[in-house]
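Here's entry_27.cif, which has mmCIF, C-alpha atoms and all ligand atoms:
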data_work
loop_
_atom_site.label_atom_id
_atom_site.label_comp_id
_atom_site.auth_asym_id
_atom_site.auth_seq_id
_atom_site.Cartn_x
_atom_site.Cartn_y
_atom_site.Cartn_z
CA MET A 1 58.22 36.97 12.78
CA ILE A 2 56.48 34.70 10.28
CA SER A 3 57.10 34.49 6.57
CA THR A 4 55.55 31.82 4.37
CA ARG A 5 55.87 31.39 0.63
CA GLU A 6 53.52 29.20 -1.33
CA LEU A 7 52.94 27.05 1.72
CA THR A 8 50.98 23.98 0.68
CA LYS A 9 49.59 20.90 2.38
CA ASP A 10 47.98 17.96 0.65
CA PHE A 11 46.57 15.04 2.61
CA VAL A 12 46.54 11.83 0.65
CA VAL A 13 43.44 10.18 2.03
CA SER A 14 43.31 7.20 -0.31
CA ARG A 15 44.61 6.15 -3.71
CA THR A 16 41.89 8.15 -5.36
CA GLU A 17 41.45 11.05 -2.95
CA THR A 18 43.81 13.86 -2.02
CA VAL A 19 42.63 16.77 0.10
CA HIS A 20 44.28 20.04 -0.90
CA ALA A 21 43.96 21.56 2.56
CA VAL A 22 46.31 24.52 2.06
CA ARG A 23 47.03 25.80 -1.43
CA GLY A 24 50.04 28.08 -1.65
CA ILE A 25 49.67 30.49 1.24
CA SER A 26 52.16 33.40 1.33
CA LEU A 27 51.92 35.40 4.50
CA ASP A 28 54.11 37.79 6.50
CA VAL A 29 53.51 38.61 10.15
CA GLU A 30 55.57 41.32 11.83
CA PRO A 31 56.74 41.16 15.45
CA GLY A 32 54.04 42.33 17.86
CA GLU A 33 51.14 41.91 15.44
CA LEU A 34 47.84 40.37 16.47
CA VAL A 35 46.48 38.55 13.44
CA ALA A 36 43.16 36.73 13.22
CA VAL A 37 42.81 34.01 10.61
CA LEU A 38 39.15 33.76 9.69
CA GLY A 39 37.37 31.27 7.48
CA PRO A 40 34.66 28.60 7.44
CA ASN A 41 35.12 25.02 8.67
CA GLY A 42 37.59 23.15 6.54
CA ALA A 43 39.16 26.31 5.06
CA GLY A 44 42.66 25.22 6.09
CA LYS A 45 43.21 27.39 9.18
CA THR A 46 44.23 24.63 11.58
CA THR A 47 46.38 22.91 8.96
CA THR A 48 48.24 26.19 8.39
CA LEU A 49 48.79 26.64 12.13
CA ARG A 50 49.95 23.05 12.46
CA MET A 51 52.55 23.57 9.74
CA LEU A 52 53.74 26.82 11.35
CA THR A 53 54.06 25.10 14.71
CA THR A 54 55.94 22.14 13.11
CA LEU A 55 53.26 19.62 14.08
CA ILE A 56 52.96 18.58 10.44
CA ALA A 57 55.36 19.03 7.54
CA PRO A 58 54.39 21.15 4.51
CA THR A 59 53.95 19.31 1.21
CA SER A 60 55.70 22.19 -0.54
CA GLY A 61 56.56 25.84 -0.07
CA THR A 62 58.49 27.37 2.79
CA ALA A 63 57.73 28.85 6.20
CA LYS A 64 60.08 30.73 8.47
CA VAL A 65 58.98 31.28 12.03
CA ALA A 66 61.00 33.51 14.37
CA GLY A 67 63.86 33.30 11.89
CA TYR A 68 63.96 29.49 11.56
CA ASP A 69 62.72 27.26 8.79
CA VAL A 70 59.92 24.95 9.99
CA ALA A 71 61.13 22.01 7.91
CA ALA A 72 64.89 22.38 8.50
CA GLU A 73 64.92 23.50 12.14
CA PRO A 74 61.68 22.38 13.77
CA GLY A 75 63.22 22.13 17.27
CA ARG A 76 64.40 25.74 17.18
CA VAL A 77 61.02 26.91 15.86
CA ARG A 78 59.21 25.07 18.65
CA ARG A 79 61.25 26.75 21.36
CA GLN A 80 60.15 30.17 20.11
CA LEU A 81 56.44 29.53 20.12
CA GLY A 82 53.48 28.57 22.24
CA TYR A 83 50.58 26.67 20.72
CA VAL A 84 47.13 26.38 22.17
CA GLY A 85 45.23 23.84 20.11
CA GLN A 86 41.48 23.31 19.81
CA GLY A 87 41.35 20.53 22.37
CA ASN A 88 42.45 21.00 25.93
CA GLY A 89 46.12 20.19 26.27
CA ALA A 90 46.14 19.79 30.02
CA GLY A 91 45.84 16.37 31.69
CA HIS A 92 42.66 15.70 33.64
CA SER A 93 43.77 14.42 37.00
CA GLN A 94 46.70 16.78 37.55
CA ARG A 95 46.40 19.84 39.72
CA VAL A 96 46.52 23.18 37.94
CA ALA A 97 49.84 24.37 39.41
CA ASP A 98 51.52 20.97 38.86
CA GLU A 99 50.33 20.89 35.28
CA LEU A 100 51.87 24.29 34.55
CA TYR A 101 55.07 23.49 36.41
CA GLY A 102 55.39 20.17 34.58
CA GLN A 103 54.94 21.89 31.26
CA GLY A 104 57.70 24.35 32.17
CA VAL A 105 60.08 21.50 32.97
CA ILE A 106 59.19 19.72 29.71
CA TYR A 107 60.15 22.92 27.91
CA GLY A 108 63.56 22.86 29.56
CA LEU A 109 63.13 25.39 32.36
CA ASP A 110 65.06 24.50 35.51
CA ARG A 111 62.97 23.85 38.61
CA ARG A 112 63.34 27.35 40.03
CA ALA A 113 62.47 29.03 36.75
CA ALA A 114 59.51 26.69 36.21
CA LYS A 115 58.21 27.49 39.70
CA ARG A 116 58.63 31.23 39.22
CA ARG A 117 56.94 31.18 35.84
CA THR A 118 54.08 29.05 37.17
CA GLY A 119 53.47 31.59 39.95
CA GLU A 120 53.58 34.47 37.49
CA LEU A 121 51.12 32.91 35.07
CA LEU A 122 48.73 31.75 37.79
CA GLU A 123 48.64 35.36 38.94
CA SER A 124 48.30 36.97 35.49
CA LEU A 125 45.63 34.59 34.25
CA GLU A 126 43.66 34.70 37.51
CA LEU A 127 44.23 31.04 38.24
CA LYS A 128 45.88 31.49 41.64
CA GLU A 129 42.79 30.56 43.60
CA LEU A 130 42.47 27.43 41.47
CA ALA A 131 46.10 26.32 41.76
CA GLN A 132 45.30 23.19 43.78
CA ARG A 133 42.16 22.22 41.85
CA LYS A 134 42.21 19.25 39.54
CA VAL A 135 42.18 20.26 35.89
CA SER A 136 39.07 18.11 35.36
CA ASP A 137 37.18 20.25 37.89
CA LEU A 138 37.70 23.54 36.06
CA SER A 139 34.95 25.29 34.14
CA GLY A 140 35.30 25.75 30.37
CA GLY A 141 36.52 29.33 30.71
CA GLN A 142 39.00 28.51 33.50
CA ARG A 143 40.29 25.59 31.49
CA ARG A 144 40.88 27.75 28.44
CA ARG A 145 42.81 30.24 30.59
CA LEU A 146 44.95 27.34 31.79
CA ASP A 147 45.52 26.34 28.16
CA VAL A 148 46.77 29.85 27.42
CA ALA A 149 49.04 29.69 30.48
CA MET A 150 50.40 26.34 29.25
CA GLY A 151 51.18 27.95 25.89
CA LEU A 152 53.08 30.76 27.59
CA VAL A 153 55.03 28.84 30.21
CA HIS A 154 58.35 28.91 28.37
CA ALA A 155 58.03 32.65 27.60
CA PRO A 156 57.62 32.30 23.82
CA ARG A 157 57.86 35.30 21.51
CA LEU A 158 54.99 34.02 19.46
CA LEU A 159 51.68 32.50 20.50
CA PHE A 160 49.35 30.52 18.24
CA LEU A 161 45.79 30.11 19.45
CA ASP A 162 43.47 27.80 17.54
CA GLU A 163 39.91 28.94 18.17
CA PRO A 164 40.64 30.05 21.73
CA SER A 165 37.10 31.09 22.59
CA THR A 166 34.99 28.48 20.77
CA GLY A 167 32.41 26.97 23.10
CA LEU A 168 32.66 29.72 25.71
CA ASP A 169 29.69 31.86 26.66
CA PRO A 170 29.93 35.59 25.84
CA GLN A 171 31.05 36.54 29.34
CA ASN A 172 33.84 33.95 29.38
CA ARG A 173 34.85 34.91 25.86
CA ALA A 174 35.20 38.55 26.91
CA ASN A 175 37.14 37.51 30.00
CA LEU A 176 39.51 35.29 28.01
CA TRP A 177 40.10 38.12 25.57
CA ASP A 178 40.95 40.51 28.41
CA HIS A 179 43.58 38.03 29.50
CA ILE A 180 44.96 37.43 26.02
CA LEU A 181 45.31 41.16 25.41
CA ARG A 182 46.93 41.66 28.82
CA MET A 183 49.39 38.82 28.16
CA ARG A 184 50.26 40.44 24.89
CA GLU A 185 51.03 43.77 26.59
CA GLN A 186 52.88 42.19 29.46
CA TYR A 187 55.11 39.89 27.43
CA SER A 188 55.20 41.75 24.05
CA ILE A 189 54.22 38.64 22.16
CA THR A 190 53.10 38.24 18.58
CA ILE A 191 49.75 36.45 18.38
CA VAL A 192 48.22 34.51 15.50
CA LEU A 193 44.80 33.04 16.17
CA THR A 194 42.02 31.39 14.29
CA THR A 195 38.42 32.17 15.00
CA HIS A 196 34.93 31.57 13.72
CA TYR A 197 33.63 34.64 15.48
CA LEU A 198 33.37 37.52 13.05
CA ASP A 199 32.80 40.08 15.77
CA GLU A 200 35.87 38.87 17.60
CA ALA A 201 38.11 39.16 14.54
CA ASP A 202 36.60 42.54 13.84
CA SER A 203 37.11 44.09 17.24
CA MET A 204 40.26 42.40 18.56
CA ALA A 205 42.63 41.83 15.69
CA GLU A 206 44.57 44.56 13.97
CA ARG A 207 44.72 42.42 10.92
CA VAL A 208 42.34 39.85 9.49
CA VAL A 209 43.48 37.14 7.09
CA VAL A 210 40.48 35.54 5.40
CA VAL A 211 41.08 31.96 4.25
CA ASP A 212 38.78 29.95 2.02
CA HIS A 213 39.43 26.61 0.31
CA GLY A 214 43.06 26.67 1.45
CA GLU A 215 43.85 30.10 0.01
CA VAL A 216 44.18 33.59 1.43
CA ILE A 217 41.41 35.59 -0.20
CA ALA A 218 41.85 38.80 1.79
CA ASP A 219 44.43 40.22 4.16
CA ASP A 220 44.04 43.66 5.72
CA THR A 221 42.65 45.52 8.70
CA ALA A 222 38.97 44.80 9.34
CA ASP A 223 38.19 48.46 8.63
CA ALA A 224 40.02 48.41 5.31
CA LEU A 225 38.31 45.18 4.27
CA LYS A 226 34.93 46.66 5.04
CA ALA A 227 35.78 50.00 3.43
CA ASP A 228 36.62 48.11 0.22
CA LEU A 229 32.96 47.21 -0.01
CA ALA A 230 32.41 50.94 -0.44
CA GLY A 231 29.17 51.68 1.21
CA ASP A 232 26.25 50.86 3.45
CA GLN A 233 23.14 48.95 2.58
CA LEU A 234 19.65 50.36 3.08
CA LEU A 235 16.99 47.78 3.75
CA LEU A 236 13.34 48.82 3.53
CA THR A 237 10.04 47.01 3.51
CA VAL A 238 6.89 48.36 1.90
CA ALA A 239 3.22 47.45 1.75
CA PRO A 240 2.40 45.01 -1.09
CA GLY A 241 2.34 46.56 -4.54
CA ASN A 242 4.68 49.43 -3.66
CA GLN A 243 8.05 47.85 -4.32
CA GLY A 244 8.19 49.06 -7.95
CA PRO A 245 7.73 52.76 -7.12
CA LEU A 246 10.17 52.52 -4.19
CA GLN A 247 12.73 50.81 -6.40
CA ARG A 248 12.56 53.70 -8.89
CA LEU A 249 13.06 56.22 -6.08
CA ALA A 250 15.99 54.21 -4.70
CA GLU A 251 17.62 54.19 -8.12
CA GLN A 252 17.57 57.99 -8.09
CA LEU A 253 19.63 58.25 -4.89
CA PRO A 254 23.09 59.67 -5.61
CA GLY A 255 25.54 56.81 -6.24
CA ALA A 256 22.89 54.10 -5.69
CA ARG A 257 24.09 50.60 -6.62
CA GLU A 258 22.84 47.03 -6.33
CA VAL A 259 19.17 48.02 -6.09
CA GLN A 260 17.25 44.81 -5.48
CA ALA A 261 13.56 44.23 -4.81
CA ASP A 262 12.48 40.90 -3.38
CA GLY A 263 8.82 40.61 -2.36
CA ASP A 264 8.13 43.46 0.03
CA ARG A 265 11.88 43.99 0.66
CA LEU A 266 14.11 46.44 -1.10
CA THR A 267 17.85 46.79 -0.68
CA VAL A 268 20.17 49.39 -2.13
CA ARG A 269 23.86 50.14 -1.59
CA VAL A 270 24.85 53.76 -1.04
CA ALA A 271 28.03 55.52 0.08
CA ASP A 272 26.58 57.04 3.25
CA GLY A 273 23.61 55.10 4.66
CA PRO A 274 22.64 57.39 7.55
CA ALA A 275 22.45 60.35 5.12
CA ALA A 276 20.68 58.52 2.28
CA LEU A 277 17.96 56.82 4.35
CA PRO A 278 16.04 59.98 5.39
CA GLU A 279 16.38 61.21 1.82
CA LEU A 280 14.74 58.06 0.47
CA ILE A 281 12.01 58.07 3.11
CA THR A 282 11.18 61.73 2.39
CA ALA A 283 11.03 60.98 -1.35
CA ALA A 284 8.74 58.00 -0.61
CA GLN A 285 6.42 60.20 1.48
CA HIS A 286 6.23 62.84 -1.27
CA ASN A 287 5.31 60.15 -3.76
CA GLY A 288 2.74 58.47 -1.52
CA VAL A 289 4.78 55.25 -1.14
CA PRO A 290 4.17 53.80 2.36
CA VAL A 291 7.45 52.55 3.88
CA ALA A 292 6.80 49.98 6.62
CA THR A 293 10.30 49.51 8.08
CA ALA A 294 13.72 50.94 7.27
CA GLN A 295 17.25 50.25 8.45
CA VAL A 296 20.84 50.99 7.60
CA HIS A 297 23.14 48.00 7.47
CA ARG A 298 26.81 48.90 7.80
CA PRO A 299 29.19 46.33 6.32
CA THR A 300 30.40 43.49 8.54
CA LEU A 301 33.16 40.96 7.95
CA ASP A 302 30.38 38.59 6.87
CA ASP A 303 29.56 41.01 4.04
CA VAL A 304 33.25 41.04 3.15
CA PHE A 305 33.23 37.23 2.94
CA LEU A 306 29.98 37.23 0.99
CA ASN A 307 31.39 39.78 -1.43
CA LEU A 308 34.56 37.75 -1.94
CA THR A 309 33.03 34.28 -2.21
CA GLY A 310 29.34 34.69 -2.96
CA ARG A 311 28.66 32.76 0.28
CA SER A 312 27.86 34.02 3.74
CA LEU A 313 30.39 32.92 6.33
CA ARG A 314 27.58 32.55 8.86
CA GLU A 315 25.73 30.20 6.50
CA ALA A 316 28.92 28.31 5.67
CA GLU A 317 29.45 27.91 9.42
CA SER A 318 25.97 26.78 10.29
CA ASN A 319 25.92 24.31 7.40
CA ALA A 320 29.27 22.96 8.46
CA SER A 321 28.31 22.67 12.11
CA SER A 322 25.04 20.92 11.31
CA ASN A 323 27.01 18.46 9.18
CA GLY A 324 29.60 17.93 11.89
CA LYS A 325 33.07 19.43 11.98
CA ALA A 326 35.74 18.67 9.45
CA ALA A 327 38.47 16.39 10.66
CA ALA A 328 41.54 18.25 11.88
N1 LIG B 1 44.90 14.60 8.78
C1 LIG B 1 44.07 14.89 7.78
N2 LIG B 1 43.80 13.99 6.83
C2 LIG B 1 42.98 14.26 5.80
N3 LIG B 1 42.36 15.44 5.63
C3 LIG B 1 42.60 16.39 6.56
C4 LIG B 1 43.46 16.16 7.68
N4 LIG B 1 43.48 17.31 8.42
C5 LIG B 1 42.69 18.19 7.79
N5 LIG B 1 42.15 17.65 6.68
C6 LIG B 1 41.24 18.29 5.72
O1 LIG B 1 41.86 19.49 5.30
C7 LIG B 1 40.90 20.53 5.14
C8 LIG B 1 41.29 21.71 5.98
O2 LIG B 1 41.10 21.36 7.36
P1 LIG B 1 41.45 22.34 8.56
O3 LIG B 1 41.24 21.59 9.83
O4 LIG B 1 42.78 22.94 8.33
O5 LIG B 1 40.35 23.46 8.39
P2 LIG B 1 39.95 24.62 9.38
O6 LIG B 1 39.83 25.84 8.56
O7 LIG B 1 40.89 24.69 10.52
O8 LIG B 1 38.54 24.15 9.88
P3 LIG B 1 37.87 24.24 11.34
O9 LIG B 1 37.38 25.62 11.42
O10 LIG B 1 36.80 23.23 11.27
O11 LIG B 1 38.91 23.92 12.36
C9 LIG B 1 39.57 19.90 5.48
O12 LIG B 1 38.95 19.49 4.30
C10 LIG B 1 39.93 18.74 6.36
O13 LIG B 1 38.97 17.71 6.28
#

Hey, can you dump this file as structure tokens for me?
Amino acid sequence: MISTRELTKDFVVSRTETVHAVRGISLDVEPGELVAVLGPNGAGKTTTLRMLTTLIAPTSGTAKVAGYDVAAEPGRVRRQLGYVGQGNGAGHSQRVADELYGQGVIYGLDRRAAKRRTGELLESLELKELAQRKVSDLSGGQRRRLDVAMGLVHAPRLLFLDEPSTGLDPQNRANLWDHILRMREQYSITIVLTTHYLDEADSMAERVVVVDHGEVIADDTADALKADLAGDQLLLTVAPGNQGPLQRLAEQLPGAREVQADGDRLTVRVADGPAALPELITAAQHNGVPVATAQVHRPTLDDVFLNLTGRSLREAESNASSNGKAAA
């Protein structure tokens, strides 16, 4: 459904500054896949989506979407896809049903087809009750559902969603996801989305593509990415003066790696955390080492990112958001 080779985008900002937003991304997405593109602010996610949706031209490399080349046949590509950008696409003063209908007509549906499709999507995305409301009166979650409907009005085979759930509260996020997954079942669409939410990428997508500094640094199922880290982390705290003895005991655990003591904290990576933790605590008791707290930390996608880049995605995110978002 999507095939890119060495896809690259440079933005020439001034005579002395060029931003290498996307640096040679090669990616294949099969029909029916649900792929999450994950990465910190400024990683190149939106730029990649904008090239795939023909909104901007690649600097070099190639991309085929639904069988058509984005540079040579942008019109054909556009007809095959729906794109829900970060901002709200819908106009403010229009009514919900009119907005959807109008979008259908813009995409070349005849009046009857546009009306039928509008009815169908209002129903599927639970917008029927809101059909006569002005778009500006919708809540954030309702508005995002309308955005998804707008992206689907011309029955595309492929849907791109740029951070669909950013800014929604957990309940609205879950609700939007229910709808996205239902749309996918109902219309057998391929979905590529970007997200900042690690848990979302982890639980919803079958495949996670991790992007950093314009490059794909990992591409696999969330489970496989986490399994590559090979193991769980034990995190224990001890009373002052006991970290040395506990460290020695931790080092004796079968397959123990990355044993690190920091103040009263000790961390160690083991293959099977739930089995190793009682073993370590028993050894500590036998040796008179008082353990204050103990937990098993199973790998998350943040650990995967940390392992790949040496930075935590959460930290990268919070730094970026406190500095303001990168221009898109
Ligand atoms: N039109 C533009 N002109 C100049 N630089 C740009 C332009 N669009 C994007 N960039 C830069 O390209 C880089 C990649 O931006 P992009 O928006 O693709 O990142 P992103 O991963 O989608 O980030 P976010 O999560 O904030 O949306 C950033 O450094 C950004 O500032």

Test item: residues no farther than 7 Å from ligand LIG 1 (chain B), counting only C-alpha atoms and all ligand atoms, as a ChimeraX atom specification: /A:11-13,19-22,39-48,196,214,325-328

Generate the output file for the selected residues, C-alpha atoms, as a PDB file, keeping the file's coordinate frame.
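Result written to selection-v7.pdb:
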ATOM      1  CA  PHE A  11      46.570  15.040   2.610  1.00  0.00           C
ATOM      2  CA  VAL A  12      46.540  11.830   0.650  1.00  0.00           C
ATOM      3  CA  VAL A  13      43.440  10.180   2.030  1.00  0.00           C
ATOM      4  CA  VAL A  19      42.630  16.770   0.100  1.00  0.00           C
ATOM      5  CA  HIS A  20      44.280  20.040  -0.900  1.00  0.00           C
ATOM      6  CA  ALA A  21      43.960  21.560   2.560  1.00  0.00           C
ATOM      7  CA  VAL A  22      46.310  24.520   2.060  1.00  0.00           C
ATOM      8  CA  GLY A  39      37.370  31.270   7.480  1.00  0.00           C
ATOM      9  CA  PRO A  40      34.660  28.600   7.440  1.00  0.00           C
ATOM     10  CA  ASN A  41      35.120  25.020   8.670  1.00  0.00           C
ATOM     11  CA  GLY A  42      37.590  23.150   6.540  1.00  0.00           C
ATOM     12  CA  ALA A  43      39.160  26.310   5.060  1.00  0.00           C
ATOM     13  CA  GLY A  44      42.660  25.220   6.090  1.00  0.00           C
ATOM     14  CA  LYS A  45      43.210  27.390   9.180  1.00  0.00           C
ATOM     15  CA  THR A  46      44.230  24.630  11.580  1.00  0.00           C
ATOM     16  CA  THR A  47      46.380  22.910   8.960  1.00  0.00           C
ATOM     17  CA  THR A  48      48.240  26.190   8.390  1.00  0.00           C
ATOM     18  CA  HIS A 196      34.930  31.570  13.720  1.00  0.00           C
ATOM     19  CA  GLY A 214      43.060  26.670   1.450  1.00  0.00           C
ATOM     20  CA  LYS A 325      33.070  19.430  11.980  1.00  0.00           C
ATOM     21  CA  ALA A 326      35.740  18.670   9.450  1.00  0.00           C
ATOM     22  CA  ALA A 327      38.470  16.390  10.660  1.00  0.00           C
ATOM     23  CA  ALA A 328      41.540  18.250  11.880  1.00  0.00           C
TER      24      ALA A 328
END

Which of A:Gly231, A:Arg5, A:Gly67, A:Ser136 sits closest to Gln94 (chain A) [using only C-alpha atoms]: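 Closest to Gln94 (chain A), using only C-alpha atoms: A:Ser136.
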
Just want the 12 Å neighbourhood of Leu168 (chain A), counted on all atoms listed in the file, with same-chain residues fewer than 4 positions away dropped. Output as a PDB file with C-alpha atoms, in the coordinates of the input.
ATOM      1  CA  SER A 139      34.950  25.290  34.140  1.00  0.00           C
ATOM      2  CA  GLY A 140      35.300  25.750  30.370  1.00  0.00           C
ATOM      3  CA  GLY A 141      36.520  29.330  30.710  1.00  0.00           C
ATOM      4  CA  GLN A 142      39.000  28.510  33.500  1.00  0.00           C
ATOM      5  CA  ARG A 143      40.290  25.590  31.490  1.00  0.00           C
ATOM      6  CA  ARG A 144      40.880  27.750  28.440  1.00  0.00           C
ATOM      7  CA  ARG A 145      42.810  30.240  30.590  1.00  0.00           C
ATOM      8  CA  GLU A 163      39.910  28.940  18.170  1.00  0.00           C
ATOM      9  CA  PRO A 164      40.640  30.050  21.730  1.00  0.00           C
ATOM     10  CA  ASN A 172      33.840  33.950  29.380  1.00  0.00           C
ATOM     11  CA  ARG A 173      34.850  34.910  25.860  1.00  0.00           C
ATOM     12  CA  ALA A 174      35.200  38.550  26.910  1.00  0.00           C
ATOM     13  CA  ASN A 175      37.140  37.510  30.000  1.00  0.00           C
ATOM     14  CA  LEU A 176      39.510  35.290  28.010  1.00  0.00           C
ATOM     15  CA  TRP A 177      40.100  38.120  25.570  1.00  0.00           C
ATOM     16  CA  TYR A 197      33.630  34.640  15.480  1.00  0.00           C
TER      17      TYR A 197
END

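Using all atoms listed in the file, the nearest neighbour of Leu52 (chain A) within the list A:Pro74, A:Pro254, A:Gly119, A:Pro299 is A:Pro74.
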
For Asp202 (chain A): contacts at 8 Å, all atoms listed in the file, fewer than 4 positions along chain excluded, given as JSON, numbers by chain: {"A": [198, 208, 222, 301]}

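For His286 (chain A), the residues within 12 Å (counting all atoms listed in the file, excluding itself and residues fewer than 6 positions away along the chain) are Pro245, Leu246, Leu249, Glu279 and Leu280 of chain A.
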
If you keep C-alpha atoms, can you produce a file of those selected residues as an mmCIF file, keeping the file's coordinate frame?
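Generated file (result-v8.cif):
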data_model
loop_
_atom_site.group_PDB
_atom_site.id
_atom_site.type_symbol
_atom_site.label_atom_id
_atom_site.label_comp_id
_atom_site.auth_asym_id
_atom_site.auth_seq_id
_atom_site.Cartn_x
_atom_site.Cartn_y
_atom_site.Cartn_z
ATOM 1 C CA PRO A 245 7.730 52.760 -7.120
ATOM 2 C CA LEU A 246 10.170 52.520 -4.190
ATOM 3 C CA LEU A 249 13.060 56.220 -6.080
ATOM 4 C CA GLU A 279 16.380 61.210 1.820
ATOM 5 C CA LEU A 280 14.740 58.060 0.470
#

Nearest residue to Ala149 (chain A) from the set A:Leu38, A:Leu109, A:Val96, A:Leu306 (distances using only C-alpha atoms):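 Counting only C-alpha atoms, the residue closest to Ala149 (chain A) is A:Val96.
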
Pairwise distance for CA of Ser203 (chain A) and CA of Ala294 (chain A), rounded to one decimal in Å: 26.3 Å

Counting all atoms listed in the file, the residue of A:Ala71, A:Val238, A:Leu229, A:Ala256 that sits nearest Asp302 (chain A):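 Closest candidate: A:Leu229.
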
Counting all atoms listed in the file, the residue of A:Thr4, A:Gln233, A:Gln243, A:Thr166 that sits nearest Gly24 (chain A):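 Smallest distance to Gly24 (chain A) is found for A:Thr4.
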
Who sits within 10 Å of Ala292 (chain A), all atoms listed in the file, same chain under 2 positions skipped, as a list in words: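 The residues satisfying every condition are Leu236, Thr237, Val238, Ala239, Asp264, Arg265, Val289, Pro290 and Ala294 of chain A.
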
Expected answer as a ChimeraX atom specification: all residues with atoms within 10 Å of (45.9, 32.4, 36.5), all atoms listed in the file: /A:96-97,118-131,142,145-146,148-149,179

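The space between CA of Arg15 (chain A) and CA of Gly61 (chain A) spans 23.3 Å.
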
Gap from CA of Ser312 (chain A) to CA of Thr293 (chain A) - Å, one decimal: 23.8 Å

Which of A:Leu159, A:Val291, A:Ile56, A:Ala114 sits closest to Thr194 (chain A) [using only C-alpha atoms]: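 Using only C-alpha atoms, Thr194 (chain A) sits closest to A:Leu159.
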
With a distance cut-off of 6 Å and all atoms listed in the file, select the neighbouring residues of Lys64 (chain A), excluding the residue or stretch itself and same-chain residues fewer than 6 positions from it, and output the selection as a PDB file with C-alpha atoms, in the frame of the given file.
ATOM      1  CA  ILE A   2      56.480  34.700  10.280  1.00  0.00           C
ATOM      2  CA  SER A   3      57.100  34.490   6.570  1.00  0.00           C
ATOM      3  CA  VAL A  70      59.920  24.950   9.990  1.00  0.00           C
TER       4      VAL A  70
END
